[in-house]
There are 2 protein chains.
Amino acid sequence: MIKTNLTIYLASKSPRRKKLLEQVNLTFKVLPVETPEIFRKGERPVNVVRRIALEKLNAAKEIIKEGIIITADTIVVINGKIIGKPLDKHDAVRMLKKLSGNTHIVYTGFSVHNSHNQKTITDYEKTYVTFRKLNSNEIKAYAETGSPLDRAGAYGIQDDYGAVFIKKINGCYYNVVGLPLNKVFQTLLRIV
Amino acid sequence: MIKTNLTIYLASKSPRRKKLLEQVNLTFKVLPVETPEIFRKGERPVNVVRRIALEKLNAAKEIIKEGIIITADTIVVINGKIIGKPLDKHDAVRMLKKLSGNTHIVYTGFSVHNSHNQKTITDYEKTYVTFRKLNSNEIKAYAETGSPLDRAGAYGIQDDYGAVFIKKINGCYYNVVGLPLNKVFQTLLRIV
């Protein structure tokens with residue numbers, strides 16, 4: 001669906017993002033970049049995810065001199081506070097208790113860069129996610145699977161437990177998985 | 001997550017519903033039942049999907065005398081009109097043109113029955129889905145894949161094209177795939 005002679009790189013270590021881009025039949029290579037994800041005090045969530053996506057892009061541009069680069073960063077915000085990835089199972093339980101019975105917001109910032117025309121577009125998507133009330137047994141059982149550990153907010157919407165924890169969402173579903181497919185796709189069309 | 005000594009049957013030929021129940025690690029058998037899906041003039045969408053789910057349940061109960069049976073039926077409603085599965089590629093194009101740039105509603109009715117205590121629960125879920133404006137090339141290309149043909153409304157939200165056609169949803173995502181996982185799971189917990 002995207003026509004380009006350039007190689008497309010997904011500069012992300014997230015296996016979910018890789019799977020999502022495969023789902024829309026995009027041909028691309030994965031470039032694992034390492035950048036610290038630091039939250040600055042008082043910085044608005046939309047600015048956080050766009051800044052980190054750009055920082056990841058700058059790191060990727062050090063390695064890739066020719067091609068199209070995609071980067072992304074996802075955070076979860078509840079009651080105005082950013083929650084990142086849990087430190088351990090205990091921390092995952094704490095996060096899930098916060099999400100239980102409440103609505104939180106998932107932000108994903110992304111950057112798309114074309115080395116040929118030197119264009120860079122940075123944008124974001126936000127989705128509201130409402131959890132049903134969870135009981136402590138379900139929370140513990142889910143934390144025990146280890147699955148929440150590498151996820152912002154300590155859950156995966158596409159997980160076995162994650163799927164049955166969520167009552168409703170408002171916005172882009174794929175944004176909650178880790179990459180807003182529709183918006184990223186439209187951005188790629190504009191940049192190639 | 002569901003504890004029962006009874007065999008659970010999914011009485012549906014939909015490969016998507018099978019995949020969804022596998023995703024939440026449910027152990028079950030598939031029972032392909034055949035029932036005509038007839039829409040009655042003036043019948044409200046919520047009544048249509050609940051009635052058809054019950055009709056499928058009655059057909060399944062003829063075959064399965066012991067166990068837990070799950071049935072479901074999904075329809076798409078736009079401007080108050082029900083659209084079912086497209087008749088052919090031409091019909092799929094017509095449906096997708098209607099959905100383009102608009103919001104429609106996906107209804108899934110489902111029935112869960114336990115032969116042991118003779119309990120039956122029938123319920124439904126509804127989700128609003130907003131398509132971005134599609135161009136006729138994308139519509140044609142998607143119809144050509146053949147993928148829209150066995151889907152109510154002529155699209156699959158989890159398809160390659162489907163995923164990038166959708167701007168936002170409001171409600172349960174899995175309902176749009178074909179089975180509202182959270183609600184079905186909660187219903188199973190109540191009935192076992």
# chains A, B, ... in the order shown; residues from 1 in each chain; ligands from 1
>>> interface_residues(of="chain A", to="chain B", cutoff="9 Å", atoms="only C-alpha atoms", output="ChimeraX atom specification")
/A:1,22-25,127,132,138,158-174,180-186
>>> residues_around(residues="B:Phe39", least_positions_apart="2", cutoff="10 Å", atoms="only C-alpha atoms", output="PyMOL selection string")
chain B and resi 36-37+41-45+48-49+51-52+82-84
>>> select_by_dssp(residues="stretch 54-167 of chain B", states="strand (DSSP E or B)", output="VMD selection string")
chain B and resid 68 to 78 81 to 83 103 to 114 119 to 131 166 to 167
>>> write_last_selection(atoms="N, CA and C atoms", output="short mmCIF file (atom, residue, chain, number, x, y, z; two decimals), in the first residue's frame")
data_model
loop_
_atom_site.label_atom_id
_atom_site.label_comp_id
_atom_site.auth_asym_id
_atom_site.auth_seq_id
_atom_site.Cartn_x
_atom_site.Cartn_y
_atom_site.Cartn_z
N ILE B 68 -21.56 -26.45 28.11
CA ILE B 68 -21.84 -25.02 28.08
C ILE B 68 -21.74 -24.58 26.62
N ILE B 69 -22.77 -23.89 26.15
CA ILE B 69 -22.79 -23.49 24.74
C ILE B 69 -22.74 -21.97 24.63
N ILE B 70 -21.88 -21.50 23.72
CA ILE B 70 -21.80 -20.06 23.43
C ILE B 70 -22.18 -19.85 21.96
N THR B 71 -23.11 -18.92 21.70
CA THR B 71 -23.42 -18.55 20.32
C THR B 71 -23.35 -17.03 20.21
N ALA B 72 -23.22 -16.52 18.98
CA ALA B 72 -23.16 -15.07 18.80
C ALA B 72 -23.60 -14.69 17.39
N ASP B 73 -24.04 -13.46 17.26
CA ASP B 73 -24.39 -12.92 15.95
C ASP B 73 -24.02 -11.44 15.88
N THR B 74 -23.34 -11.05 14.79
CA THR B 74 -22.88 -9.67 14.64
C THR B 74 -23.53 -9.00 13.43
N ILE B 75 -24.00 -7.77 13.62
CA ILE B 75 -24.51 -6.99 12.48
C ILE B 75 -23.92 -5.58 12.52
N VAL B 76 -23.97 -4.92 11.38
CA VAL B 76 -23.50 -3.54 11.27
C VAL B 76 -24.70 -2.67 10.92
N VAL B 77 -24.84 -1.54 11.61
CA VAL B 77 -25.98 -0.65 11.37
C VAL B 77 -25.47 0.74 10.99
N ILE B 78 -25.92 1.25 9.86
CA ILE B 78 -25.56 2.61 9.46
C ILE B 78 -26.82 3.36 9.03
N LYS B 81 -30.02 1.51 9.25
CA LYS B 81 -30.22 0.33 8.38
C LYS B 81 -29.19 -0.75 8.66
N ILE B 82 -29.67 -2.00 8.73
CA ILE B 82 -28.77 -3.13 8.96
C ILE B 82 -28.08 -3.52 7.67
N ILE B 83 -26.75 -3.67 7.74
CA ILE B 83 -26.08 -4.26 6.58
C ILE B 83 -25.42 -5.56 7.01
N THR B 103 -19.73 7.26 10.77
CA THR B 103 -19.72 6.41 11.97
C THR B 103 -20.86 5.41 11.85
N HIS B 104 -20.56 4.13 12.10
CA HIS B 104 -21.61 3.11 12.12
C HIS B 104 -21.57 2.39 13.47
N ILE B 105 -22.54 1.54 13.68
CA ILE B 105 -22.61 0.80 14.96
C ILE B 105 -22.52 -0.70 14.70
N VAL B 106 -21.68 -1.37 15.49
CA VAL B 106 -21.58 -2.83 15.40
C VAL B 106 -22.28 -3.43 16.62
N TYR B 107 -23.24 -4.31 16.38
CA TYR B 107 -23.94 -5.01 17.45
C TYR B 107 -23.56 -6.48 17.42
N THR B 108 -23.21 -7.03 18.57
CA THR B 108 -23.07 -8.48 18.68
C THR B 108 -23.99 -8.97 19.79
N GLY B 109 -24.88 -9.87 19.44
CA GLY B 109 -25.71 -10.52 20.44
C GLY B 109 -25.07 -11.85 20.77
N PHE B 110 -25.20 -12.31 22.02
CA PHE B 110 -24.65 -13.63 22.34
C PHE B 110 -25.52 -14.34 23.37
N SER B 111 -25.50 -15.67 23.32
CA SER B 111 -26.20 -16.50 24.30
C SER B 111 -25.21 -17.45 24.92
N VAL B 112 -25.34 -17.63 26.24
CA VAL B 112 -24.52 -18.62 26.93
C VAL B 112 -25.47 -19.54 27.70
N HIS B 113 -25.32 -20.83 27.53
CA HIS B 113 -26.24 -21.79 28.15
C HIS B 113 -25.47 -22.88 28.88
N ASN B 114 -25.96 -23.24 30.07
CA ASN B 114 -25.36 -24.31 30.86
C ASN B 114 -26.39 -25.44 31.00
N LYS B 119 -29.46 -22.84 33.00
CA LYS B 119 -29.46 -21.37 32.89
C LYS B 119 -29.07 -20.96 31.47
N THR B 120 -29.75 -19.91 30.98
CA THR B 120 -29.37 -19.30 29.71
C THR B 120 -29.29 -17.79 29.91
N ILE B 121 -28.20 -17.17 29.50
CA ILE B 121 -28.11 -15.71 29.54
C ILE B 121 -27.89 -15.21 28.12
N THR B 122 -28.72 -14.27 27.70
CA THR B 122 -28.57 -13.65 26.39
C THR B 122 -28.33 -12.17 26.59
N ASP B 123 -27.33 -11.64 25.94
CA ASP B 123 -26.99 -10.23 26.12
C ASP B 123 -26.40 -9.70 24.80
N TYR B 124 -26.03 -8.44 24.78
CA TYR B 124 -25.43 -7.88 23.57
C TYR B 124 -24.45 -6.78 23.94
N GLU B 125 -23.67 -6.38 22.96
CA GLU B 125 -22.73 -5.27 23.14
C GLU B 125 -22.81 -4.41 21.90
N LYS B 126 -22.63 -3.10 22.05
CA LYS B 126 -22.63 -2.24 20.86
C LYS B 126 -21.42 -1.32 20.87
N THR B 127 -20.81 -1.14 19.72
CA THR B 127 -19.60 -0.33 19.59
C THR B 127 -19.74 0.62 18.39
N TYR B 128 -19.37 1.87 18.60
CA TYR B 128 -19.38 2.85 17.51
C TYR B 128 -18.03 2.80 16.79
N VAL B 129 -18.07 2.75 15.47
CA VAL B 129 -16.83 2.70 14.67
C VAL B 129 -16.83 3.83 13.65
N THR B 130 -15.77 4.62 13.64
CA THR B 130 -15.67 5.74 12.69
C THR B 130 -14.59 5.46 11.65
N PHE B 131 -15.01 5.45 10.38
CA PHE B 131 -14.07 5.28 9.28
C PHE B 131 -13.55 6.65 8.85
N ILE B 166 -9.88 2.61 9.88
CA ILE B 166 -10.63 3.04 11.06
C ILE B 166 -9.91 4.15 11.82
N LYS B 167 -10.64 5.24 12.02
CA LYS B 167 -10.10 6.40 12.72
C LYS B 167 -10.21 6.20 14.21
#
>>> select_by_dssp(residues="stretch 57-146 of chain A", states="alpha helix (DSSP H)", output="list in words")
Leu57, Asn58, Ala59, Ala60, Lys61, Glu62, Ile63, Lys89, His90, Asp91, Ala92, Val93, Arg94, Met95, Leu96, Lys97, Lys98, Leu99, Ser136, Asn137, Glu138, Ile139, Lys140, Ala141, Tyr142, Ala143 and Glu144 of chain A
>>> residues_around(residues="stretch 86-92 of chain B", least_positions_apart="4", cutoff="6 Å", atoms="only C-alpha atoms", output="ChimeraX atom specification")
/B:143,149,154
>>> closest_residue(among="A:Asn102, A:Thr35, A:Thr187, A:Ser115", to="A:Ile64", atoms="only C-alpha atoms")
A:Ser115
>>> atom_distance(atom1="atom CA of A:Lys13", atom2="atom CA of A:Arg40")
22.8 Å
